[in-house]
$ cat work.txt   # compact mmCIF, C-alpha atoms and all ligand atoms
# COMPACT_ATOMS: atom_id res chain seq x y z
CA HIS A 1 -6.37 1.18 166.06
CA ARG A 2 -7.37 -0.35 169.40
CA THR A 3 -9.22 2.62 170.88
CA ALA A 4 -11.43 4.79 168.66
CA ALA A 5 -13.73 7.71 169.39
CA VAL A 6 -17.15 8.24 167.83
CA ILE A 7 -18.45 11.82 167.94
CA PRO A 8 -22.20 12.14 167.30
CA ALA A 9 -22.58 15.61 165.76
CA ALA A 10 -25.71 15.15 163.64
CA GLY A 11 -28.18 16.99 165.89
CA ARG A 12 -29.94 20.20 164.87
CA GLY A 13 -29.63 21.90 168.24
CA VAL A 14 -33.28 22.90 168.55
CA ARG A 15 -32.90 24.01 172.18
CA LEU A 16 -30.00 26.31 171.26
CA GLY A 17 -32.28 28.20 168.90
CA PRO A 18 -32.19 29.06 165.21
CA GLY A 19 -28.91 29.01 163.29
CA ALA A 20 -26.41 26.51 161.93
CA PRO A 21 -26.47 22.90 163.19
CA LYS A 22 -25.23 23.03 166.80
CA ALA A 23 -21.93 21.21 166.20
CA LEU A 24 -20.91 23.82 163.62
CA ARG A 25 -21.58 26.85 165.85
CA GLY A 26 -18.47 28.68 167.00
CA ILE A 27 -16.91 28.97 170.45
CA GLY A 28 -14.01 31.41 170.56
CA GLY A 29 -14.27 31.56 166.76
CA THR A 30 -13.79 27.79 166.26
CA PRO A 31 -16.65 25.35 165.56
CA MET A 32 -17.73 23.26 168.55
CA LEU A 33 -17.07 20.07 166.57
CA ILE A 34 -13.42 21.03 166.01
CA HIS A 35 -12.96 21.59 169.75
CA ALA A 36 -14.54 18.18 170.40
CA VAL A 37 -12.35 16.38 167.85
CA ARG A 38 -9.23 18.02 169.28
CA ALA A 39 -10.28 17.05 172.81
CA MET A 40 -10.45 13.39 171.78
CA ALA A 41 -7.37 13.43 169.53
CA ARG A 42 -5.31 14.93 172.35
CA SER A 43 -5.64 11.64 174.24
CA ARG A 44 -2.67 9.33 173.51
CA ALA A 45 -5.11 6.40 173.63
CA VAL A 46 -7.17 7.63 170.65
CA SER A 47 -5.78 7.16 167.12
CA LEU A 48 -9.06 7.13 165.16
CA VAL A 49 -12.00 9.54 165.37
CA VAL A 50 -15.30 8.91 163.55
CA VAL A 51 -17.38 12.08 163.19
CA VAL A 52 -21.10 11.52 162.63
CA ALA A 53 -22.24 14.52 160.57
CA PRO A 54 -25.73 15.89 159.90
CA PRO A 55 -27.33 13.59 157.27
CA ASP A 56 -27.00 16.23 154.52
CA GLY A 57 -23.80 17.82 155.84
CA ALA A 58 -21.06 15.19 155.57
CA ALA A 59 -19.19 17.05 152.79
CA GLU A 60 -19.32 20.35 154.68
CA VAL A 61 -18.00 18.66 157.83
CA ARG A 62 -15.18 16.98 155.88
CA ASN A 63 -14.13 20.39 154.50
CA LEU A 64 -14.27 21.94 157.95
CA LEU A 65 -12.02 19.22 159.38
CA ASP A 66 -9.53 19.69 156.52
CA GLU A 67 -9.37 23.46 157.21
CA HIS A 68 -8.41 23.10 160.87
CA ALA A 69 -5.17 21.89 162.42
CA LEU A 70 -5.60 18.47 164.02
CA PRO A 71 -2.95 16.06 165.37
CA GLU A 72 -1.41 14.19 162.40
CA ARG A 73 -1.27 10.82 164.14
CA THR A 74 -5.08 10.80 164.36
CA GLU A 75 -7.11 9.37 161.48
CA ILE A 76 -10.52 11.01 161.00
CA LEU A 77 -13.51 9.48 159.21
CA VAL A 78 -16.82 11.25 158.50
CA VAL A 79 -20.14 9.42 158.14
CA PRO A 80 -23.72 10.74 157.86
CA GLY A 81 -25.93 10.44 160.94
CA GLY A 82 -29.58 9.62 161.54
CA ASP A 83 -32.79 11.09 162.96
CA THR A 84 -31.98 10.19 166.58
CA ARG A 85 -28.77 10.22 168.59
CA GLN A 86 -29.03 6.44 168.92
CA GLU A 87 -29.13 6.01 165.13
CA SER A 88 -26.21 8.40 164.71
CA VAL A 89 -24.10 6.44 167.21
CA ARG A 90 -25.01 3.24 165.38
CA ALA A 91 -23.78 4.74 162.08
CA GLY A 92 -20.49 5.63 163.78
CA LEU A 93 -20.03 2.14 165.21
CA ASP A 94 -20.70 0.59 161.80
CA ALA A 95 -17.84 2.65 160.32
CA LEU A 96 -15.19 1.31 162.74
CA PRO A 97 -12.53 -0.89 161.12
CA ASP A 98 -11.54 -4.34 162.38
CA GLY A 99 -9.14 -4.30 165.30
CA VAL A 100 -10.92 -1.66 167.38
CA THR A 101 -11.68 -3.12 170.81
CA THR A 102 -12.52 -0.02 172.87
CA VAL A 103 -14.79 2.82 171.78
CA LEU A 104 -15.37 6.23 173.37
CA ILE A 105 -18.67 7.91 172.47
CA HIS A 106 -18.38 11.67 172.85
CA ASP A 107 -20.99 14.39 172.20
CA ALA A 108 -19.85 17.15 169.84
CA ALA A 109 -21.91 19.31 172.21
CA ARG A 110 -19.28 18.80 174.98
CA PRO A 111 -16.43 20.66 173.26
CA LEU A 112 -14.37 21.51 176.35
CA VAL A 113 -13.90 18.14 178.06
CA PRO A 114 -10.34 18.01 179.53
CA VAL A 115 -7.99 15.31 178.20
CA ASP A 116 -7.53 13.88 181.71
CA THR A 117 -11.22 12.92 181.75
CA VAL A 118 -10.90 11.25 178.32
CA ASP A 119 -7.81 9.35 179.47
CA ALA A 120 -9.45 8.22 182.71
CA VAL A 121 -12.45 6.76 180.86
CA ALA A 122 -10.27 5.00 178.26
CA GLN A 123 -8.00 3.60 180.96
CA ALA A 124 -10.92 2.23 183.00
CA VAL A 125 -12.17 0.30 179.95
CA ARG A 126 -8.68 -0.99 179.18
CA ASP A 127 -8.45 -2.12 182.81
CA GLY A 128 -11.47 -4.38 182.25
CA ALA A 129 -14.71 -2.43 182.82
CA PRO A 130 -17.13 -3.10 179.90
CA ALA A 131 -18.86 0.30 180.30
CA VAL A 132 -17.59 3.51 181.94
CA VAL A 133 -19.27 6.90 182.33
CA PRO A 134 -17.85 10.14 183.75
CA ALA A 135 -20.32 11.76 186.13
CA MET A 136 -20.77 14.64 188.57
CA PRO A 137 -22.74 15.04 191.79
CA LEU A 138 -25.82 17.26 191.40
CA ALA A 139 -26.19 20.78 192.75
CA ASP A 140 -30.01 20.83 192.46
CA THR A 141 -32.46 18.54 194.19
CA VAL A 142 -34.31 16.45 191.60
CA LYS A 143 -38.07 15.73 191.55
CA GLU A 144 -39.80 13.06 189.50
CA VAL A 145 -43.15 14.45 188.25
CA GLU A 146 -46.18 13.29 186.32
CA PRO A 147 -45.59 15.31 183.13
CA GLY A 148 -48.52 17.55 182.20
CA LYS A 149 -49.31 19.99 179.41
CA PRO A 150 -46.96 22.99 179.02
CA GLY A 151 -47.94 25.68 181.54
CA GLU A 152 -49.90 23.28 183.76
CA ALA A 153 -48.73 22.56 187.31
CA GLU A 154 -47.29 19.05 187.50
CA PRO A 155 -47.72 16.81 190.56
CA VAL A 156 -44.52 15.52 192.19
CA VAL A 157 -44.22 11.74 192.28
CA ALA A 158 -40.92 11.28 194.12
CA THR A 159 -37.77 12.99 195.42
CA PRO A 160 -34.74 10.72 195.02
CA GLU A 161 -31.98 11.22 197.62
CA ARG A 162 -29.63 13.74 196.00
CA ALA A 163 -26.43 12.22 197.40
CA ARG A 164 -27.11 9.03 195.40
CA LEU A 165 -27.65 10.82 192.05
CA ARG A 166 -25.05 11.63 189.38
CA ALA A 167 -25.31 13.69 186.20
CA VAL A 168 -23.53 11.75 183.47
CA GLN A 169 -21.30 13.23 180.81
CA THR A 170 -19.27 11.97 177.85
CA PRO A 171 -17.00 10.45 176.68
CA GLN A 172 -18.61 7.19 177.72
CA GLY A 173 -16.26 4.26 177.18
CA PHE A 174 -17.18 0.71 176.14
CA ASP A 175 -15.89 -2.63 175.20
CA LEU A 176 -16.96 -2.45 171.53
CA VAL A 177 -18.49 -5.94 171.42
CA THR A 178 -20.72 -5.08 174.40
CA LEU A 179 -21.96 -1.76 172.97
CA LYS A 180 -22.68 -3.32 169.57
CA ARG A 181 -24.66 -6.08 171.25
CA ALA A 182 -26.73 -3.45 173.07
CA HIS A 183 -27.49 -1.69 169.79
CA ASP A 184 -28.41 -4.96 168.06
CA GLU A 185 -30.75 -6.09 170.84
CA LEU A 186 -32.44 -2.73 171.47
CA ALA A 187 -32.66 -1.37 167.91
CA GLY A 188 -36.33 -2.27 167.50
CA ASP A 189 -37.38 -1.16 171.00
CA THR A 190 -37.03 2.56 170.49
CA ALA A 191 -38.08 2.80 166.84
CA GLY A 192 -40.28 5.82 166.20
CA GLY A 193 -39.32 7.52 169.48
CA GLU A 194 -36.37 9.69 170.44
CA GLY A 195 -34.16 6.65 170.98
CA ALA A 196 -31.68 6.34 173.81
CA THR A 197 -30.08 9.63 174.91
CA ASP A 198 -27.40 7.78 176.86
CA ASP A 199 -25.26 4.94 175.50
CA ALA A 200 -24.55 3.45 178.92
CA GLY A 201 -28.30 3.15 179.56
CA MET A 202 -28.54 0.73 176.63
CA VAL A 203 -25.77 -1.42 178.07
CA GLU A 204 -27.46 -1.39 181.51
CA ARG A 205 -30.53 -2.91 179.87
CA LEU A 206 -28.39 -5.92 178.87
CA GLY A 207 -27.74 -6.49 182.57
CA VAL A 208 -24.09 -5.44 182.22
CA THR A 209 -22.67 -3.35 185.09
CA VAL A 210 -21.78 0.23 184.17
CA VAL A 211 -19.27 2.05 186.39
CA VAL A 212 -18.88 5.75 187.07
CA VAL A 213 -15.58 7.66 187.20
CA PRO A 214 -15.22 11.33 188.20
CA GLY A 215 -16.40 13.73 185.50
CA HIS A 216 -15.33 17.36 185.10
CA GLU A 217 -17.29 20.61 185.31
CA GLU A 218 -15.83 21.71 181.96
CA ALA A 219 -17.34 18.63 180.26
CA PHE A 220 -20.82 20.24 180.47
CA LYS A 221 -23.10 19.95 177.44
CA VAL A 222 -23.88 23.03 175.37
CA THR A 223 -27.66 22.75 175.16
CA ARG A 224 -29.24 26.19 175.69
CA PRO A 225 -28.06 29.72 174.83
CA LEU A 226 -26.70 30.32 178.36
CA ASP A 227 -24.36 27.33 177.91
CA LEU A 228 -22.68 29.17 175.02
CA VAL A 229 -21.94 32.09 177.35
CA LEU A 230 -20.33 29.68 179.82
CA ALA A 231 -18.33 27.93 177.10
CA GLU A 232 -16.94 31.25 175.84
CA ALA A 233 -15.95 32.17 179.39
CA VAL A 234 -14.23 28.82 180.05
CA LEU A 235 -12.24 29.16 176.82
CA ALA A 236 -11.26 32.74 177.63
CA ARG A 237 -10.06 31.62 181.09
CA ARG A 238 -7.93 28.87 179.50
CA ARG A 239 -6.36 31.27 177.05
CA ALA A 240 -5.60 33.88 179.73
N1 LIG A 301 -26.98 13.93 167.89
C1 LIG A 301 -26.74 13.19 166.73
N2 LIG A 301 -27.80 12.80 165.93
C2 LIG A 301 -29.07 13.14 166.26
C3 LIG A 301 -29.33 13.89 167.45
C4 LIG A 301 -28.26 14.27 168.25
O1 LIG A 301 -25.59 12.91 166.42
N3 LIG A 301 -30.06 12.77 165.44
C5 LIG A 301 -25.82 14.40 168.70
C6 LIG A 301 -25.75 15.92 168.79
O2 LIG A 301 -25.15 16.46 167.62
C7 LIG A 301 -24.96 16.15 170.06
C8 LIG A 301 -25.26 14.90 170.90
O3 LIG A 301 -25.92 13.97 170.04
O4 LIG A 301 -23.56 16.24 169.84
C9 LIG A 301 -26.10 15.23 172.13
O5 LIG A 301 -27.40 15.64 171.71
P1 LIG A 301 -28.11 17.00 172.08
O6 LIG A 301 -27.30 17.78 173.04
O7 LIG A 301 -29.53 16.69 172.38
O8 LIG A 301 -27.99 17.80 170.69
P2 LIG A 301 -29.15 18.11 169.64
O9 LIG A 301 -30.02 16.91 169.49
O10 LIG A 301 -28.47 18.67 168.44
O11 LIG A 301 -29.93 19.31 170.39
P3 LIG A 301 -31.53 19.44 170.61
O12 LIG A 301 -31.94 18.18 171.35
O13 LIG A 301 -31.67 20.70 171.41
O14 LIG A 301 -32.09 19.55 169.22
MG MG A 302 -31.19 16.16 171.14
$ encode --input "work.txt" --output "structure tokens"
Amino acid sequence: HRTAAVIPAAGRGVRLGPGAPKALRGIGGTPMLIHAVRAMARSRAVSLVVVVAPPDGAAEVRNLLDEHALPERTEILVVPGGDTRQESVRAGLDALPDGVTTVLIHDAARPLVPVDTVDAVAQAVRDGAPAVVPAMPLADTVKEVEPGKPGEAEPVVATPERARLRAVQTPQGFDLVTLKRAHDELAGDTAGGEGATDDAGMVERLGVTVVVVPGHEEAFKVTRPLDLVLAEAVLARRRA
């Protein structure tokens, strides 16, 4: 395998509300994680997928993967994740066999990313960029605030120029050596906190240039209940 995908799927999905772990919730009757694995496996570049399961749910995830049809040429490994996304990604990287040079990190919570987006990210890394993120221009203006207590009015600190901002998605693609170096050097920094929510941000902190390629509106992250409504509608439109 030269290009592998790591799918962090170990989150609880607190913002989605009570229920099964987010990655196991259904869209169109199929778990989000299965959609995400298929989306990565559909790319000709990807021949290995590492799924990072909830810490106590690796066996359940393995069974789920065995029950669903997935491309035969794709090997799938399952490893248990950690308390933060950063730790879960680390566990996935540690499971990669020798010979992998390019890694795509893809949120299970972005089940509907089109294969063209996956291919474009993989190709940009193969063409020599050490770190590549798909991103979209913003619809909303963004304010930086001084965070206050819930319910309190928060003072605005700054309004960055919207045309220069991008909302980043996954898969984010990396030269594996570079991403591992970022994890090694920053592991201690974020201990106790939430950890990094964005893999490319860790690489930026090494001083390595990260480049952006066009993202896709269907690569949105399922975070809140309304996102599930949108995901169902996108799937229904595809099947029509
Ligand atoms: N993730 C993970 N391990 C964690 C936390 C998150 O593998 N300890 C994964 C999630 O499963 C998801 C991706 O990282 O696929 C993006 O995270 P997010 O959308 O924040 O998902 P959750 O952390 O599950 O949701 P919430 O923050 O609402 O609890
Ligand atoms: Mg989270």
$ residues_near_ligand --input "work.txt" --ligand "ligand MG 302 (chain A)" --cutoff "8 Å" --atoms "all atoms listed in the file" --output "list in words"
Gly11, Arg12, Gly13, Val14, Thr84, Arg85 and Thr197 of chain A
$ residues_near_ligand --input "work.txt" --ligand "ligand LIG 301 (chain A)" --cutoff "6 Å" --atoms "only C-alpha atoms and all ligand atoms" --output "PyMOL selection string"
chain A and resi 8-16+22-23+81-85+88+107-109+223
$ residues_around --input "work.txt" --residues "region 25-39 of chain A" --least-positions-apart "5" --cutoff "9 Å" --atoms "only C-alpha atoms" --output "MDAnalysis selection string"
chainID A and resid 5 7 9 19:20 49 51 61 64:65 68:71 76 106:115 118 228 231:232 235:236
$ atom_distance --input "work.txt" --atom1 "CA of Arg90 (chain A)" --atom2 "CA of Ala182 (chain A)"
10.3 Å
$ closest_residue --input "work.txt" --among "A:Asp94, A:Thr117, A:Pro147, A:Pro18" --to "Pro225 (chain A)" --atoms "all atoms listed in the file"
A:Pro18
$ residues_near_point --input "work.txt" --point "(-13.4, -6.2, 170.5)" --cutoff "8 Å" --atoms "only C-alpha atoms" --output "ChimeraX atom specification"
/A:99-102,175-177
$ write_last_selection --input "work.txt" --atoms "C-alpha atoms" --output "tab-separated table (two decimals), in the frame of the given file"
chain	number	residue	atom	x	y	z
A	99	GLY	CA	-9.14	-4.30	165.30
A	100	VAL	CA	-10.92	-1.66	167.38
A	101	THR	CA	-11.68	-3.12	170.81
A	102	THR	CA	-12.52	-0.02	172.87
A	175	ASP	CA	-15.89	-2.63	175.20
A	176	LEU	CA	-16.96	-2.45	171.53
A	177	VAL	CA	-18.49	-5.94	171.42
$ closest_residue --input "work.txt" --among "A:Glu72, A:Asp119, A:Asp127, A:Glu146" --to "Ala158 (chain A)" --atoms "all atoms listed in the file"
A:Glu146
$ residues_around --input "work.txt" --residues "Ala200 (chain A)" --least-positions-apart "3" --cutoff "10 Å" --atoms "all atoms listed in the file" --output "PDB file with C-alpha atoms, in the frame of the given file"
ATOM      1  CA  ILE A 105     -18.670   7.910 172.470  1.00  0.00           C
ATOM      2  CA  PRO A 130     -17.130  -3.100 179.900  1.00  0.00           C
ATOM      3  CA  ALA A 131     -18.860   0.300 180.300  1.00  0.00           C
ATOM      4  CA  VAL A 132     -17.590   3.510 181.940  1.00  0.00           C
ATOM      5  CA  VAL A 133     -19.270   6.900 182.330  1.00  0.00           C
ATOM      6  CA  VAL A 168     -23.530  11.750 183.470  1.00  0.00           C
ATOM      7  CA  GLN A 172     -18.610   7.190 177.720  1.00  0.00           C
ATOM      8  CA  GLY A 173     -16.260   4.260 177.180  1.00  0.00           C
ATOM      9  CA  PHE A 174     -17.180   0.710 176.140  1.00  0.00           C
ATOM     10  CA  LEU A 179     -21.960  -1.760 172.970  1.00  0.00           C
ATOM     11  CA  ALA A 182     -26.730  -3.450 173.070  1.00  0.00           C
ATOM     12  CA  ALA A 196     -31.680   6.340 173.810  1.00  0.00           C
ATOM     13  CA  THR A 197     -30.080   9.630 174.910  1.00  0.00           C
ATOM     14  CA  VAL A 203     -25.770  -1.420 178.070  1.00  0.00           C
ATOM     15  CA  GLU A 204     -27.460  -1.390 181.510  1.00  0.00           C
ATOM     16  CA  ARG A 205     -30.530  -2.910 179.870  1.00  0.00           C
ATOM     17  CA  VAL A 208     -24.090  -5.440 182.220  1.00  0.00           C
ATOM     18  CA  THR A 209     -22.670  -3.350 185.090  1.00  0.00           C
ATOM     19  CA  VAL A 210     -21.780   0.230 184.170  1.00  0.00           C
ATOM     20  CA  VAL A 211     -19.270   2.050 186.390  1.00  0.00           C
TER      21      VAL A 211
END
$ closest_residue --input "work.txt" --among "A:Val6, A:Met136, A:Val52, A:Leu93" --to "Asp184 (chain A)" --atoms "all atoms listed in the file"
A:Leu93
$ residues_around --input "work.txt" --residues "Thr159 (chain A)" --least-positions-apart "5" --cutoff "7 Å" --atoms "all atoms listed in the file" --output "list in words"
Val142, Lys143 and Glu144 of chain A
$ residues_around --input "work.txt" --residues "Gly195 (chain A)" --least-positions-apart "2" --cutoff "10 Å" --atoms "all atoms listed in the file" --output "PDB file with C-alpha atoms, in the frame of the given file"
ATOM      1  CA  ASP A  83     -32.790  11.090 162.960  1.00  0.00           C
ATOM      2  CA  THR A  84     -31.980  10.190 166.580  1.00  0.00           C
ATOM      3  CA  ARG A  85     -28.770  10.220 168.590  1.00  0.00           C
ATOM      4  CA  GLN A  86     -29.030   6.440 168.920  1.00  0.00           C
ATOM      5  CA  GLU A  87     -29.130   6.010 165.130  1.00  0.00           C
ATOM      6  CA  LEU A 186     -32.440  -2.730 171.470  1.00  0.00           C
ATOM      7  CA  ALA A 187     -32.660  -1.370 167.910  1.00  0.00           C
ATOM      8  CA  GLY A 188     -36.330  -2.270 167.500  1.00  0.00           C
ATOM      9  CA  ASP A 189     -37.380  -1.160 171.000  1.00  0.00           C
ATOM     10  CA  THR A 190     -37.030   2.560 170.490  1.00  0.00           C
ATOM     11  CA  ALA A 191     -38.080   2.800 166.840  1.00  0.00           C
ATOM     12  CA  GLY A 192     -40.280   5.820 166.200  1.00  0.00           C
ATOM     13  CA  GLY A 193     -39.320   7.520 169.480  1.00  0.00           C
ATOM     14  CA  THR A 197     -30.080   9.630 174.910  1.00  0.00           C
ATOM     15  CA  ASP A 198     -27.400   7.780 176.860  1.00  0.00           C
ATOM     16  CA  MET A 202     -28.540   0.730 176.630  1.00  0.00           C
TER      17      MET A 202
END
$ atom_distance --input "work.txt" --atom1 "CA of Asp98 (chain A)" --atom2 "CA of Arg2 (chain A)"
9.1 Å
$ atom_distance --input "work.txt" --atom1 "CA of Val121 (chain A)" --atom2 "CA of Ser47 (chain A)"
15.3 Å
$ residues_near_point --input "work.txt" --point "(-26.2, 10.8, 189.7)" --cutoff "12 Å" --atoms "all atoms listed in the file" --output "PyMOL selection string"
chain A and resi 133-142+160-169+211-215
$ residues_around --input "work.txt" --residues "Leu48 (chain A)" --least-positions-apart "2" --cutoff "8 Å" --atoms "all atoms listed in the file" --output "list in words"
His1, Thr3, Ala4, Ala5, Ala41, Val46, Val50, Thr74, Glu75, Ile76 and Leu77 of chain A
$ closest_residue --input "work.txt" --among "A:Ala59, A:Ala129, A:Leu206, A:Val234" --to "Ala219 (chain A)" --atoms "all atoms listed in the file"
A:Val234
$ decode --input "work.txt" --residues "region 198-209 of chain A" --atoms "C-alpha atoms" --output "PDB file, in the first residue's frame"
ATOM      1  CA  ASP A 198      -7.569  19.712  12.509  1.00  0.00           C
ATOM      2  CA  ASP A 199      -4.617  17.603  11.348  1.00  0.00           C
ATOM      3  CA  ALA A 200      -3.297  20.247   8.965  1.00  0.00           C
ATOM      4  CA  GLY A 201      -3.101  22.736  11.842  1.00  0.00           C
ATOM      5  CA  MET A 202      -0.547  20.490  13.535  1.00  0.00           C
ATOM      6  CA  VAL A 203       1.590  20.414  10.401  1.00  0.00           C
ATOM      7  CA  GLU A 204       1.346  24.219  10.080  1.00  0.00           C
ATOM      8  CA  ARG A 205       2.887  24.488  13.538  1.00  0.00           C
ATOM      9  CA  LEU A 206       5.980  22.693  12.200  1.00  0.00           C
ATOM     10  CA  GLY A 207       6.378  25.547   9.723  1.00  0.00           C
ATOM     11  CA  VAL A 208       5.419  23.310   6.792  1.00  0.00           C
ATOM     12  CA  THR A 209       3.215  24.921   4.104  1.00  0.00           C
TER      13      THR A 209
END
